[in-house]
Structure formats: structure tokens, C-alpha cells
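Enquirer: Okay, handing you the structure first.
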Amino acid sequence: MKIKLTHKFEDIINLDNLLSAWGEFLNGKRGRRDVQLFGLNLMDNLLSLHHDLLYHKYNHGGYKAFKVFDPKIRDIHKASVCDRLLHHAIYRKLYPFFDKIFIFDSYSCRLNKGAHKAVLRFNKFFLKISKNNTKNCWVLKGDIRKFFASINHQILLGILNEYITDKNIVCLLQNIIYSFQIKEGKGLPLGNLTSQLFANIYLNVFDQFIKHKIKAKFYIRYADDFVIMSDNKECLENQIGLIKEFLFLNLKLEIHPQKIFIKTVSSGLDFLGWINFPEHKVLRKSTKRRMICKLKESNKESSLNSYLGLIKHGNACKLKLEILKLINNKNW
């Protein structure tokens, strides 16, 4: 029997929660014009939002679309300040509950997780399976095709209904989910905080299948990328068909046909930006090129510190020297 969310609709929409959500929402956004305008009449705006939610008059607004290069082109859809504030208010109450039902080895958009810890876990699994690099460790790696654009609204709402008994909360979440679609009844906007949570809730169904039906002991997922590790290649080969069938029948998702393969770690396994080998890991060549290009175009110290922080987790001495030479020439 599934555990149920104990929070009520009033816990989300009360003014204390909205005020706390505003404080969290402000982080890194204080200089933005739309945020400043909303903040000028903050209490009036919060009271108005609370009133609309309380009397079920709230309707999620539209989105402003723009593109980012990260490194491929991604379509981002940005909601209004009021709507994004509400996303934070919802997230504050729902995330702690749902985080408890997620498997340990789901690493995307979760507190105390992240890509770096996923790669460390990958290395730990490798050492255990390979018996400290004395035998082959095979990896089945997969990527879900157009994941955010393919999330089925009705399936997502069905999953949410399994955990949330308060129908007013479900109706509010439905309002947000229905505010956006790529195709009829499909798609979540990349710009919403709630989309990150919804994505993990959606793929938790897949995670549970992998752990409890396929019974894969060494499984890691980060967003729509996943790996299953084993010392038995044939076992992994037999799992591909089961995985494809489950994803399509239960979540209406497909594996990207060019991004599913089985190979050994000793041959170099590309996972979360790093090429992982038994005793070291290096950044992808495309990641290195993009990093150098961005540093040539920007003088932001925050970007430099971010890149130096990234490369310290791998074998990148030559790249560090190249970066230091670059910044010396630019007189940072």
C-alpha cells in the first residue's frame, strides 16, 4: 500500500508558506525587473494570489519562450513571477514527501545528490562488480527520447492521484500541468521548478520497475540518462527489450535508438559529461571545447570558478593549465 501525502491544500496556499516561498524564489533573482515589480506590491500580490487559490479562481498563465545552448539548443518556457512563486510554494510541501519514495540512486534535481555524486556512485559500482578491476564490468546505458516533451499528462496525474488524497491539491497540480503542452496532452516546460519534481515522480515508476521487477542491483539514473551495470553482458542484453516494453506501455516513453548500448568501462564509458575509465576519468572533448570557448567570450569570475571546480573532480591537469594560461593572457 502506497503512503499518502498528509499535507492539505491549505498548507500550500496559506500566507506563511507563500511568504517563505517568496524568500526562496528571490535567491539569485533580485536584480530582475519583473521580480522587482512584483516585490514593490508584495503583500497585495500575495493576498491576491491567496484569494484566487482559496476560492478556486486561480488559473496558470502563459509562458515566455526562449532558447539556451547547453550545449545543444533547448527550448525554455518561463512563467510569470506569480506563477513561479506558486511553483515554489507547492515544491516546498511536495518535495520532502516525494523525495522519501524515490530510490537512493536517482540523482537529478534532489538535495544532496547531483551529477558529481552519480559519477562517484558509478565508480563505486564499477569497483565492486569488477572486483577492483580484475574482471570485466559491462554497462547498459540508455537515454529516453525527448523526455520532457513526451511526458503524458494523464499518466502523470494518475501517478499523483496514487499519493495525494486532497483533490484540491490534485486540481491545482492539474492546472499547472495543463498550462503547457508540446503536443496534445503531452509535455512539461523546462523552466518550471515543478517540472523537475514531476519528472522524478514520473520516472520513479521506471526506477521501481528496474529495482523490483528486473531486480538490477547496480542501477543509476540522472534525469533521462540511466545505466545498469553487471558482470554479465547477456543478462544486460536480455533486459533491453523488457525496458523498452515497460517504458512504452506504462509511461508512453521511448529509448533513443542511437543512445542505447552495452560496453565495458575499460573501453571508456561516457556518462554525465565524463569519459569514465577504470582508474581515471576525463572530460568529453566537446565539453572541453565549449568550456574554453565560453571562457574566451566571458570575463566572469563565477564562470572561471565553476569550471575549475568541475575539472578538479577528474583527470584534467592539461586542461587546467590551458585555462590558467588563457586567463593570464586575458589579464583577469
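Letters for chains follow the order of the C-alpha cells (A, B, ...), residue numbers begin at 1 for each chain, and ligand numbers begin at 1 in the order shown.
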Report as an MDAnalysis selection string all protein, DNA and RNA residues lying within 12 Å of A:Gly39, evaluated on only C-alpha atoms, omitting residues in the same chain fewer than 3 positions from it.

Expert: chainID A and resid 19 22:23 25:26 29:36 42:46 81:82 85

Enquirer: Each residue of stretch 201-226 of chain A lying at most 10 Å from stretch 122-132 of chain A should get a row with its shortest atom-to-atom pair and the distance in Å to one decimal, counting only C-alpha atoms; could you produce that, ordered by chain and increasing number, as a Markdown table?

Expert:
| residue | atom | partner | partner_atom | distance |
| --- | --- | --- | --- | --- |
| A:Lys217 | CA | A:Phe125 | CA | 9.4 |
| A:Phe218 | CA | A:Phe125 | CA | 6.5 |
| A:Tyr219 | CA | A:Phe122 | CA | 8.7 |
| A:Ile220 | CA | A:Phe122 | CA | 7.4 |

Enquirer: Give me a file of those residues, with N, CA, C and O atoms, as a short mmCIF file (atom, residue, chain, number, x, y, z; two decimals), in the first residue's frame.

Expert:
data_model
loop_
_atom_site.label_atom_id
_atom_site.label_comp_id
_atom_site.auth_asym_id
_atom_site.auth_seq_id
_atom_site.Cartn_x
_atom_site.Cartn_y
_atom_site.Cartn_z
N LYS A 217 20.71 -4.64 -9.38
CA LYS A 217 21.34 -4.16 -8.15
C LYS A 217 22.13 -2.88 -8.39
O LYS A 217 22.23 -2.03 -7.51
N PHE A 218 22.69 -2.75 -9.60
CA PHE A 218 23.61 -1.64 -9.87
C PHE A 218 23.03 -0.74 -10.96
O PHE A 218 23.36 -0.85 -12.13
N TYR A 219 22.12 0.13 -10.54
CA TYR A 219 21.37 1.00 -11.44
C TYR A 219 21.49 2.44 -10.95
O TYR A 219 21.37 2.71 -9.76
N ILE A 220 21.73 3.36 -11.89
CA ILE A 220 21.83 4.79 -11.58
C ILE A 220 21.04 5.56 -12.63
O ILE A 220 21.16 5.29 -13.83
#

Enquirer: Pick out the residues sitting within 7 Å of stretch 51-62 of chain A, and hand them over as a list in words; count only C-alpha atoms, and ignore anything fewer than 5 positions along from it in its own chain.

Expert: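 Selected residues are Ile13, Ala79, Asp83, Asn175, Ile176 and Ser179 of chain A.
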
Enquirer: Go ahead and write the selection's residues with C-alpha atoms as an mmCIF file, in the first residue's frame.

Expert:
data_model
loop_
_atom_site.group_PDB
_atom_site.id
_atom_site.type_symbol
_atom_site.label_atom_id
_atom_site.label_comp_id
_atom_site.auth_asym_id
_atom_site.auth_seq_id
_atom_site.Cartn_x
_atom_site.Cartn_y
_atom_site.Cartn_z
ATOM 1 C CA ILE A 13 -1.809 28.244 -0.140
ATOM 2 C CA ALA A 79 6.145 31.537 -16.442
ATOM 3 C CA ASP A 83 3.092 31.515 -11.206
ATOM 4 C CA ASN A 175 -3.950 23.436 -13.547
ATOM 5 C CA ILE A 176 -0.163 23.733 -13.785
ATOM 6 C CA SER A 179 -0.918 25.103 -18.722
#

Enquirer: Please, which residues of stretch 39-193 of chain A, numbered as in this document, come out strand (DSSP E or B) from DSSP, as a PyMOL selection string?

Expert: chain A and resi 64-69+73-78+106+138-144+152+183+186

Enquirer: How would the residues just picked look written out with C-alpha atoms as a compact mmCIF listing (two decimals), in the first residue's frame?

Expert:
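Contents of the output file result-v7.txt:
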# COMPACT_ATOMS: atom_id res chain seq x y z
CA LYS A 64 7.64 33.40 -22.41
CA ALA A 65 9.72 31.18 -24.69
CA PHE A 66 13.45 31.48 -25.35
CA LYS A 67 16.36 29.23 -26.27
CA VAL A 68 19.55 28.31 -24.42
CA PHE A 69 22.62 26.46 -25.67
CA ILE A 73 19.68 24.08 -28.23
CA ARG A 74 16.97 23.77 -25.57
CA ASP A 75 13.59 25.49 -25.57
CA ILE A 76 12.92 27.10 -22.20
CA HIS A 77 9.48 28.38 -21.21
CA LYS A 78 9.34 30.93 -18.42
CA SER A 106 18.14 8.73 -8.54
CA TRP A 138 29.59 -4.26 -18.52
CA VAL A 139 27.34 -1.20 -18.66
CA LEU A 140 23.95 -0.87 -20.33
CA LYS A 141 23.48 2.85 -20.94
CA GLY A 142 20.23 4.38 -22.16
CA ASP A 143 18.68 7.77 -22.82
CA ILE A 144 14.95 8.48 -23.01
CA ASN A 152 1.87 12.19 -20.75
CA LYS A 183 1.54 18.00 -28.41
CA LYS A 186 1.97 15.84 -23.65

Enquirer: Can you list, as a ChimeraX atom specification, every protein, DNA or RNA residue that comes within 10 Å of A:Phe104 when you count only C-alpha atoms, leaving out same-chain residues fewer than 4 positions away?

Expert: /A:99-100,113,207,219-221

Enquirer: Using only N, CA, C and O atoms, please write the residues we just selected to a file, as a PDB file, in the first residue's frame.

Expert:
ATOM      1  N   ASP A  99      10.463  12.905  -2.123  1.00  0.00           N
ATOM      2  CA  ASP A  99      11.867  12.522  -2.060  1.00  0.00           C
ATOM      3  C   ASP A  99      12.058  11.233  -1.261  1.00  0.00           C
ATOM      4  O   ASP A  99      12.969  10.447  -1.541  1.00  0.00           O
ATOM      5  N   LYS A 100      11.187  10.988  -0.285  1.00  0.00           N
ATOM      6  CA  LYS A 100      11.286   9.788   0.541  1.00  0.00           C
ATOM      7  C   LYS A 100      10.917   8.518  -0.225  1.00  0.00           C
ATOM      8  O   LYS A 100      11.337   7.424   0.158  1.00  0.00           O
ATOM      9  N   LYS A 113      22.318  15.343  -3.816  1.00  0.00           N
ATOM     10  CA  LYS A 113      22.583  14.384  -4.897  1.00  0.00           C
ATOM     11  C   LYS A 113      23.382  15.120  -5.975  1.00  0.00           C
ATOM     12  O   LYS A 113      24.360  15.767  -5.673  1.00  0.00           O
ATOM     13  N   ASP A 207      12.052   3.607 -12.223  1.00  0.00           N
ATOM     14  CA  ASP A 207      13.071   3.222 -11.238  1.00  0.00           C
ATOM     15  C   ASP A 207      12.619   2.003 -10.420  1.00  0.00           C
ATOM     16  O   ASP A 207      13.399   1.073 -10.191  1.00  0.00           O
ATOM     17  N   TYR A 219      22.124   0.130 -10.540  1.00  0.00           N
ATOM     18  CA  TYR A 219      21.366   0.999 -11.445  1.00  0.00           C
ATOM     19  C   TYR A 219      21.492   2.437 -10.954  1.00  0.00           C
ATOM     20  O   TYR A 219      21.374   2.710  -9.756  1.00  0.00           O
ATOM     21  N   ILE A 220      21.734   3.359 -11.889  1.00  0.00           N
ATOM     22  CA  ILE A 220      21.829   4.787 -11.580  1.00  0.00           C
ATOM     23  C   ILE A 220      21.038   5.564 -12.630  1.00  0.00           C
ATOM     24  O   ILE A 220      21.157   5.289 -13.832  1.00  0.00           O
ATOM     25  N   ARG A 221      20.252   6.534 -12.159  1.00  0.00           N
ATOM     26  CA  ARG A 221      19.555   7.418 -13.118  1.00  0.00           C
ATOM     27  C   ARG A 221      19.833   8.869 -12.766  1.00  0.00           C
ATOM     28  O   ARG A 221      19.777   9.254 -11.593  1.00  0.00           O
TER      29      ARG A 221
END

Enquirer: Within 10 Å of A:Leu18, counting only C-alpha atoms, which residues show up once you throw out same-chain ones fewer than 4 positions away? Write them as number ranges by chain, please.

Expert: A: 11-14, 22-24, 46-47, 49-50, 85-90, 92

Enquirer: From the list A:Leu197, A:Leu188, A:Ala21, A:Val227, which residue is nearest A:Lys263 when using only C-alpha atoms?

Expert: A:Val227

Enquirer: Using only C-alpha atoms, pick whichever of A:Phe246, A:Phe9, A:Tyr91, A:Tyr202 has the shortest atom-to-atom distance to A:Gln154.

Expert: A:Tyr202
